[in-house]
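One file, protein_20.cif, carrying mmCIF, C-alpha atoms:
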data_entry
#
loop_
_atom_site.label_atom_id
_atom_site.label_comp_id
_atom_site.auth_asym_id
_atom_site.auth_seq_id
_atom_site.Cartn_x
_atom_site.Cartn_y
_atom_site.Cartn_z
CA ASP A 1 21.24 2.48 10.08
CA TYR A 2 19.04 5.43 10.93
CA GLU A 3 21.84 7.82 10.00
CA ASP A 4 21.26 6.75 6.40
CA LEU A 5 17.80 8.30 6.74
CA ARG A 6 19.13 11.55 8.15
CA LYS A 7 21.40 12.26 5.18
CA PRO A 8 18.74 12.37 2.39
CA LEU A 9 16.38 14.29 4.67
CA LEU A 10 18.95 17.04 5.20
CA ALA A 11 19.82 17.04 1.50
CA ASN A 12 16.15 17.50 0.52
CA LYS A 13 14.80 19.83 3.19
CA ASP A 14 12.88 21.79 0.55
CA LYS A 15 10.75 18.73 -0.31
CA PRO A 16 8.16 16.81 1.72
CA ALA A 17 9.15 13.37 3.01
CA VAL A 18 7.17 10.18 2.38
CA LEU A 19 8.38 7.20 4.41
CA ASN A 20 7.39 3.55 4.55
CA LEU A 21 8.20 1.88 7.87
CA ASN A 22 8.32 -1.89 8.10
CA ILE A 23 6.53 -3.51 11.01
CA GLY A 24 8.25 -6.81 10.30
CA THR A 25 10.28 -7.11 7.09
CA THR A 26 9.47 -9.99 4.74
CA VAL A 27 12.67 -12.03 5.04
CA LYS A 28 14.15 -11.23 8.47
CA GLY A 29 11.19 -9.84 10.40
CA ALA A 30 12.91 -6.58 11.37
CA VAL A 31 10.78 -3.80 12.90
CA ASP A 32 11.57 -0.15 12.21
CA ASP A 33 11.65 2.13 15.24
CA LEU A 34 8.82 4.62 14.66
CA ASP A 35 9.82 6.87 17.58
CA LYS A 36 13.41 7.03 16.35
CA VAL A 37 12.24 8.02 12.87
CA LEU A 38 9.96 10.72 14.28
CA ASP A 39 12.86 12.12 16.33
CA ILE A 40 15.08 12.25 13.22
CA LEU A 41 12.38 14.03 11.23
CA GLN A 42 12.04 16.63 13.97
CA GLU A 43 15.80 17.08 14.26
CA CYS A 44 16.05 17.58 10.48
CA GLY A 45 13.42 20.32 10.55
CA PHE A 46 10.38 18.45 9.20
CA PRO A 47 7.12 19.48 10.90
CA GLU A 48 4.14 17.08 10.86
CA GLU A 49 2.53 18.71 7.83
CA ARG A 50 5.65 18.07 5.72
CA PHE A 51 5.94 14.31 6.05
CA PHE A 52 3.76 11.23 5.60
CA ILE A 53 4.52 7.92 7.28
CA HIS A 54 2.96 4.63 6.26
CA CYS A 55 3.46 1.66 8.59
CA ASP A 56 3.48 -1.64 6.71
CA GLY A 57 2.38 -4.25 9.23
CA ALA A 58 1.36 -6.98 6.79
CA LEU A 59 2.31 -9.84 9.13
CA PHE A 60 3.49 -8.40 12.41
CA GLY A 61 1.03 -5.52 12.60
CA MET A 62 -1.62 -7.88 14.00
CA MET A 63 0.84 -9.35 16.52
CA MET A 64 2.60 -6.28 17.87
CA PRO A 65 -0.28 -5.00 20.05
CA PHE A 66 -0.07 -8.19 22.12
CA LEU A 67 3.65 -7.91 22.93
CA LYS A 68 4.63 -5.98 26.05
CA LYS A 69 8.04 -4.84 24.78
CA ALA A 70 6.85 -3.82 21.32
CA PRO A 71 6.90 -0.14 20.34
CA MET A 72 3.48 1.44 20.05
CA VAL A 73 2.18 2.17 16.57
CA THR A 74 -0.81 4.46 17.05
CA PHE A 75 -2.56 7.37 15.39
CA ARG A 76 -1.81 9.35 18.53
CA LYS A 77 1.56 9.70 16.82
CA PRO A 78 1.86 11.65 13.53
CA ILE A 79 1.55 8.72 11.14
CA GLY A 80 -0.60 8.74 8.04
CA SER A 81 -1.64 5.11 7.57
CA VAL A 82 -1.23 1.52 8.71
CA SER A 83 -1.81 -1.69 6.75
CA VAL A 84 -2.23 -5.28 7.91
CA SER A 85 -2.93 -8.53 6.08
CA GLY A 86 -5.89 -10.71 6.95
CA HIS A 87 -4.61 -13.90 5.36
CA LYS A 88 -1.36 -14.14 7.33
CA PHE A 89 -1.49 -14.14 11.11
CA VAL A 90 -5.29 -13.92 11.28
CA GLY A 91 -5.56 -16.78 8.78
CA ALA A 92 -8.32 -15.70 6.40
CA PRO A 93 -8.70 -18.30 3.61
CA VAL A 94 -8.43 -15.66 0.86
CA PRO A 95 -5.81 -12.92 0.35
CA CYS A 96 -7.07 -9.73 1.97
CA GLY A 97 -5.89 -6.76 3.95
CA VAL A 98 -6.95 -3.63 5.76
CA VAL A 99 -5.61 -0.10 5.34
CA ILE A 100 -6.37 2.32 8.16
CA THR A 101 -5.80 6.01 7.57
CA ARG A 102 -7.00 9.35 8.84
CA PHE A 103 -10.56 10.42 8.08
CA LYS A 104 -9.51 13.52 6.14
CA LEU A 105 -7.51 11.34 3.75
CA VAL A 106 -10.44 8.94 3.32
CA MET A 107 -12.66 11.89 2.42
CA ALA A 108 -10.11 13.14 -0.10
CA LEU A 109 -10.18 9.76 -1.87
CA SER A 110 -13.86 8.87 -1.59
CA SER A 111 -16.65 9.98 -3.92
CA ASP A 112 -20.45 9.81 -4.05
CA VAL A 113 -21.90 7.05 -6.24
CA GLU A 114 -25.41 8.07 -7.25
CA TYR A 115 -26.78 4.71 -8.33
CA LEU A 116 -25.59 3.13 -5.05
CA ASN A 117 -26.87 6.01 -2.99
CA SER A 118 -23.69 5.81 -0.92
CA ARG A 119 -20.14 7.06 -0.75
CA ASP A 120 -17.35 4.84 -2.13
CA ALA A 121 -14.06 4.96 -0.23
CA THR A 122 -12.30 2.10 -2.03
CA ILE A 123 -9.36 2.59 -4.37
CA MET A 124 -10.67 0.32 -7.14
CA GLY A 125 -14.37 1.08 -6.79
CA SER A 126 -15.17 -2.37 -5.44
CA ARG A 127 -14.01 -4.91 -2.86
CA ASN A 128 -14.49 -8.49 -1.73
CA GLY A 129 -17.47 -8.79 0.60
CA HIS A 130 -16.37 -12.14 2.02
CA ALA A 131 -13.02 -10.95 3.38
CA PRO A 132 -14.51 -8.70 6.10
CA ILE A 133 -16.72 -11.60 7.21
CA TYR A 134 -13.71 -13.90 7.54
CA LEU A 135 -11.86 -11.29 9.59
CA TRP A 136 -14.87 -10.51 11.77
CA TYR A 137 -15.49 -14.21 12.42
CA THR A 138 -11.91 -14.94 13.47
CA LEU A 139 -11.54 -11.86 15.64
CA THR A 140 -14.87 -12.37 17.42
CA ARG A 141 -14.36 -16.11 17.85
CA LYS A 142 -10.88 -15.77 19.36
CA GLY A 143 -11.31 -12.46 21.12
CA TYR A 144 -8.48 -10.45 22.66
CA GLU A 145 -7.30 -13.26 24.93
CA GLY A 146 -7.33 -15.80 22.11
CA MET A 147 -5.27 -13.54 19.86
CA GLN A 148 -2.83 -12.95 22.69
CA ARG A 149 -2.42 -16.69 23.25
CA ASP A 150 -1.73 -17.18 19.54
CA VAL A 151 0.93 -14.45 19.57
CA GLU A 152 2.61 -15.87 22.67
CA LYS A 153 2.59 -19.35 21.14
CA CYS A 154 4.17 -18.09 17.91
CA MET A 155 6.92 -16.21 19.71
CA ARG A 156 7.62 -19.09 22.09
CA ASN A 157 7.80 -21.67 19.31
CA ALA A 158 10.02 -19.40 17.21
CA HIS A 159 12.57 -19.51 20.03
CA VAL A 160 12.13 -23.28 20.30
CA LEU A 161 12.98 -23.66 16.60
CA LYS A 162 15.95 -21.31 16.92
CA ASP A 163 17.31 -23.25 19.90
CA MET A 164 16.88 -26.61 18.15
CA LEU A 165 18.70 -25.41 15.04
CA GLU A 166 21.56 -23.94 17.05
CA MET A 167 21.89 -27.15 19.08
CA VAL A 168 22.76 -29.03 15.88
CA GLY A 169 25.22 -26.39 14.68
CA ILE A 170 23.02 -24.44 12.26
CA LYS A 171 23.53 -20.67 12.35
CA THR A 172 20.30 -18.77 12.98
CA MET A 173 18.97 -15.27 13.49
CA LEU A 174 15.77 -14.20 15.24
CA ASN A 175 14.92 -10.55 15.71
CA GLU A 176 13.63 -9.71 19.17
CA LEU A 177 10.19 -8.70 17.90
CA SER A 178 9.72 -11.44 15.34
CA ASN A 179 8.40 -14.94 14.76
CA THR A 180 10.55 -15.31 11.63
CA VAL A 181 13.53 -17.63 12.15
CA VAL A 182 16.33 -17.09 9.64
CA PHE A 183 18.96 -19.78 9.04
CA GLU A 184 21.49 -21.08 6.53
CA ARG A 185 19.93 -21.98 3.21
CA PRO A 186 19.69 -25.78 2.82
CA LEU A 187 21.79 -27.10 -0.06
CA GLU A 188 19.36 -29.86 -1.04
CA GLU A 189 16.72 -28.43 -3.38
CA PRO A 190 14.24 -31.32 -2.89
CA PHE A 191 14.24 -30.46 0.82
CA VAL A 192 13.57 -26.80 0.04
CA ARG A 193 10.66 -27.74 -2.22
CA LYS A 194 9.25 -30.26 0.25
CA TRP A 195 9.01 -27.68 3.03
CA GLN A 196 8.24 -24.78 0.65
CA LEU A 197 11.01 -22.70 2.16
CA ALA A 198 11.33 -19.06 1.19
CA CYS A 199 14.99 -18.50 0.29
CA GLU A 200 17.03 -15.45 -0.59
CA ASN A 201 20.67 -15.81 -1.59
CA ASP A 202 22.33 -17.90 1.16
CA ILE A 203 19.55 -17.75 3.76
CA ALA A 204 16.12 -19.26 4.27
CA HIS A 205 13.42 -18.52 6.82
CA VAL A 206 10.53 -20.11 8.64
CA VAL A 207 7.60 -17.98 9.80
CA VAL A 208 6.22 -19.72 12.89
CA MET A 209 2.43 -19.33 12.80
CA PRO A 210 -0.30 -20.35 15.29
CA ASN A 211 -1.03 -23.67 13.57
CA ILE A 212 2.59 -24.86 13.87
CA THR A 213 3.17 -27.31 16.71
CA ILE A 214 6.38 -28.26 18.47
CA ALA A 215 6.03 -31.73 16.93
CA LYS A 216 6.01 -30.16 13.45
CA LEU A 217 9.10 -28.09 14.28
CA GLU A 218 10.84 -31.21 15.57
CA GLU A 219 9.99 -33.07 12.37
CA PHE A 220 11.36 -30.19 10.31
CA VAL A 221 14.65 -30.07 12.22
CA GLN A 222 15.13 -33.84 12.03
CA ASP A 223 14.47 -33.74 8.29
CA LEU A 224 16.91 -30.85 7.91
CA ILE A 225 19.60 -32.75 9.82
CA GLN A 226 19.13 -35.76 7.52
CA SER A 227 19.24 -33.50 4.46
CA ARG A 228 22.49 -31.90 5.61
CA ALA A 229 23.92 -35.36 6.30
CA ARG A 230 23.02 -36.54 2.80
CA MET A 231 24.67 -33.49 1.27
CA ALA A 232 27.76 -33.92 3.48
CA ILE A 233 28.10 -37.59 2.50
CA ALA A 234 27.68 -36.70 -1.18
CA ALA A 235 30.36 -34.00 -0.85
CA ALA A 236 32.73 -36.45 0.88
CA LYS A 237 32.13 -39.02 -1.86
CA ARG A 238 32.96 -36.41 -4.51
CA VAL A 239 36.24 -35.65 -2.75
CA ALA A 240 37.06 -39.34 -2.54
CA SER A 241 36.12 -39.87 -6.19
CA ASN A 242 38.34 -36.98 -7.30
CA ALA A 243 41.17 -38.32 -5.18
CA ARG A 244 40.81 -41.80 -6.73
CA ALA A 245 40.75 -40.28 -10.22
CA THR A 246 43.93 -38.34 -9.47
CA GLU A 247 45.57 -41.42 -7.98
CA HIS A 248 44.60 -43.52 -11.02
CA ALA A 249 45.96 -40.90 -13.39
CA GLU A 250 49.25 -40.80 -11.48
CA GLN A 251 49.51 -44.59 -11.62
CA GLU A 252 48.95 -44.59 -15.39
CA ASP A 253 51.60 -41.90 -15.80
CA GLY A 254 53.98 -44.00 -13.72
CA GLU A 255 53.32 -47.11 -15.82
CA ASP A 256 53.96 -45.12 -19.03
CA ASP A 257 57.27 -43.89 -17.62
CA ASP A 258 58.24 -47.47 -16.69
CA GLU A 259 57.46 -48.68 -20.22
CA GLU A 260 59.60 -45.92 -21.73
CA GLU A 261 62.51 -46.83 -19.46
CA ASP A 262 62.18 -50.53 -20.37
CA GLY A 263 62.21 -49.65 -24.06
CA GLN A 264 65.36 -47.56 -23.67
CA ASP A 265 67.11 -50.37 -21.80
CA ARG A 266 66.34 -52.86 -24.56
CA GLN A 267 67.78 -50.50 -27.17
#
Can you present the structure in this file as structure tokens?
Amino acid sequence: DYEDLRKPLLANKDKPAVLNLNIGTTVKGAVDDLDKVLDILQECGFPEERFFIHCDGALFGMMMPFLKKAPMVTFRKPIGSVSVSGHKFVGAPVPCGVVITRFKLVMALSSDVEYLNSRDATIMGSRNGHAPIYLWYTLTRKGYEGMQRDVEKCMRNAHVLKDMLEMVGIKTMLNELSNTVVFERPLEEPFVRKWQLACENDIAHVVVMPNITIAKLEEFVQDLIQSRARMAIAAAKRVASNARATEHAEQEDGEDDDEEEDGQDRQ
């Protein structure tokens, strides 16, 4: 609810605002509306020099530029920085990421290193030299059209998975600008471990990536149906077992009552 943002802004008008906007949340893939946030900041009396916005696009930041209906995240708007991961959608074999910010902020952080005869703009003073090569290789090999095809495939297959799950009676959720399909958490833990599902409370999700085929999604859904059937059968057996135990206990109580009555009659 964007009104929840308005309240603390109005209550702290004497302080600068630092905001982190999600370009695809981890569990449900929700995308914050940058333009809506900028409008609220303006309405609450925050000029550009009194707020800083970071856009966290770890997964979806690399996909959003290829979607026609996606809001535009650009430095033409008053944002301070954007981050994306290289090991998620791009598929680099090592964890890596890129932070893009305004030049004046880079200069404020960077410092001259005499023995390197260069200027260091990293936070830790060093960085992995292989990661940029992985990113460069993938981006140049696929090109704009290749990246667009990957994005379209991910979004299309996410809807395929959602439709398959709903067809078998499994509740799902898929945000409009997301390839993350959220559904009821499976009850069978071996199934969760087998498919390495990320779970939170009563929900689980599948992030549909470029390497995932329709055949793999079909296999997953079939396996999930079988898992749910096993759990349903086990639950039914527990009910039957409890009912038999209750019935047996009642029969024993009845036999004890009959024995007491027989004893009284003989007396």
For a quick check of understanding, using all atoms listed in the file, which of A:Leu21, A:Arg149, A:Leu161, A:Arg230 has the smallest distance to Leu187 (chain A)?
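Nearest candidate to Leu187 (chain A) out of A:Leu21, A:Arg149, A:Leu161, A:Arg230: A:Arg230.
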Quick one: apply the PyMOL selection byres ((chain A and resi 82-94) around 7) to the file and drop the selected residues here as a PyMOL selection string.
chain A and resi 54-59+61-62+81+95-101+134-135+209
Applying the PyMOL selection byres ((chain A and resi 164) around 12) to the file I just gave you, which residues come out? Please list them as a PyMOL selection string.
chain A and resi 157-163+165-172+181+183+214+217-222+224-225
Residues near Ala30 (chain A), cut-off 10 Å, only C-alpha atoms, skip fewer than 4 positions along chain, as a ChimeraX atom specification
/A:22-26,60,174-178,180
May I have the selected residues written with C-alpha atoms, as a PDB file, keeping the file's coordinate frame?
ATOM      1  CA  ASN A  22       8.320  -1.890   8.100  1.00  0.00           C
ATOM      2  CA  ILE A  23       6.530  -3.510  11.010  1.00  0.00           C
ATOM      3  CA  GLY A  24       8.250  -6.810  10.300  1.00  0.00           C
ATOM      4  CA  THR A  25      10.280  -7.110   7.090  1.00  0.00           C
ATOM      5  CA  THR A  26       9.470  -9.990   4.740  1.00  0.00           C
ATOM      6  CA  PHE A  60       3.490  -8.400  12.410  1.00  0.00           C
ATOM      7  CA  LEU A 174      15.770 -14.200  15.240  1.00  0.00           C
ATOM      8  CA  ASN A 175      14.920 -10.550  15.710  1.00  0.00           C
ATOM      9  CA  GLU A 176      13.630  -9.710  19.170  1.00  0.00           C
ATOM     10  CA  LEU A 177      10.190  -8.700  17.900  1.00  0.00           C
ATOM     11  CA  SER A 178       9.720 -11.440  15.340  1.00  0.00           C
ATOM     12  CA  THR A 180      10.550 -15.310  11.630  1.00  0.00           C
TER      13      THR A 180
END
Need to verify the contact set: Ala17 (chain A), 9 Å, only C-alpha atoms, exclusion of same-chain residues closer than 4 positions in sequence. Can you return it as a list in words?
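My reading of the contact set: Leu9, Asn12, Lys13, Leu41, Phe46, Arg50, Phe51, Phe52 and Ile53 of chain A.
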Could you save the residues just selected, with C-alpha atoms, as a PDB file, keeping the file's coordinate frame?
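Final output, out-v2.pdb:
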ATOM      1  CA  LEU A   9      16.380  14.290   4.670  1.00  0.00           C
ATOM      2  CA  ASN A  12      16.150  17.500   0.520  1.00  0.00           C
ATOM      3  CA  LYS A  13      14.800  19.830   3.190  1.00  0.00           C
ATOM      4  CA  LEU A  41      12.380  14.030  11.230  1.00  0.00           C
ATOM      5  CA  PHE A  46      10.380  18.450   9.200  1.00  0.00           C
ATOM      6  CA  ARG A  50       5.650  18.070   5.720  1.00  0.00           C
ATOM      7  CA  PHE A  51       5.940  14.310   6.050  1.00  0.00           C
ATOM      8  CA  PHE A  52       3.760  11.230   5.600  1.00  0.00           C
ATOM      9  CA  ILE A  53       4.520   7.920   7.280  1.00  0.00           C
TER      10      ILE A  53
END
Determine the residue membership of the PyMOL selection byres ((chain A and resi 202) around 7) for the file above and supply it as a list in words.
Glu184, Arg185, Glu200, Asn201 and Ile203 of chain A
Atomic separation - CA of Phe75 (chain A) relative to CA of Asp32 (chain A), Å
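These two atoms are separated by 16.3 Å.
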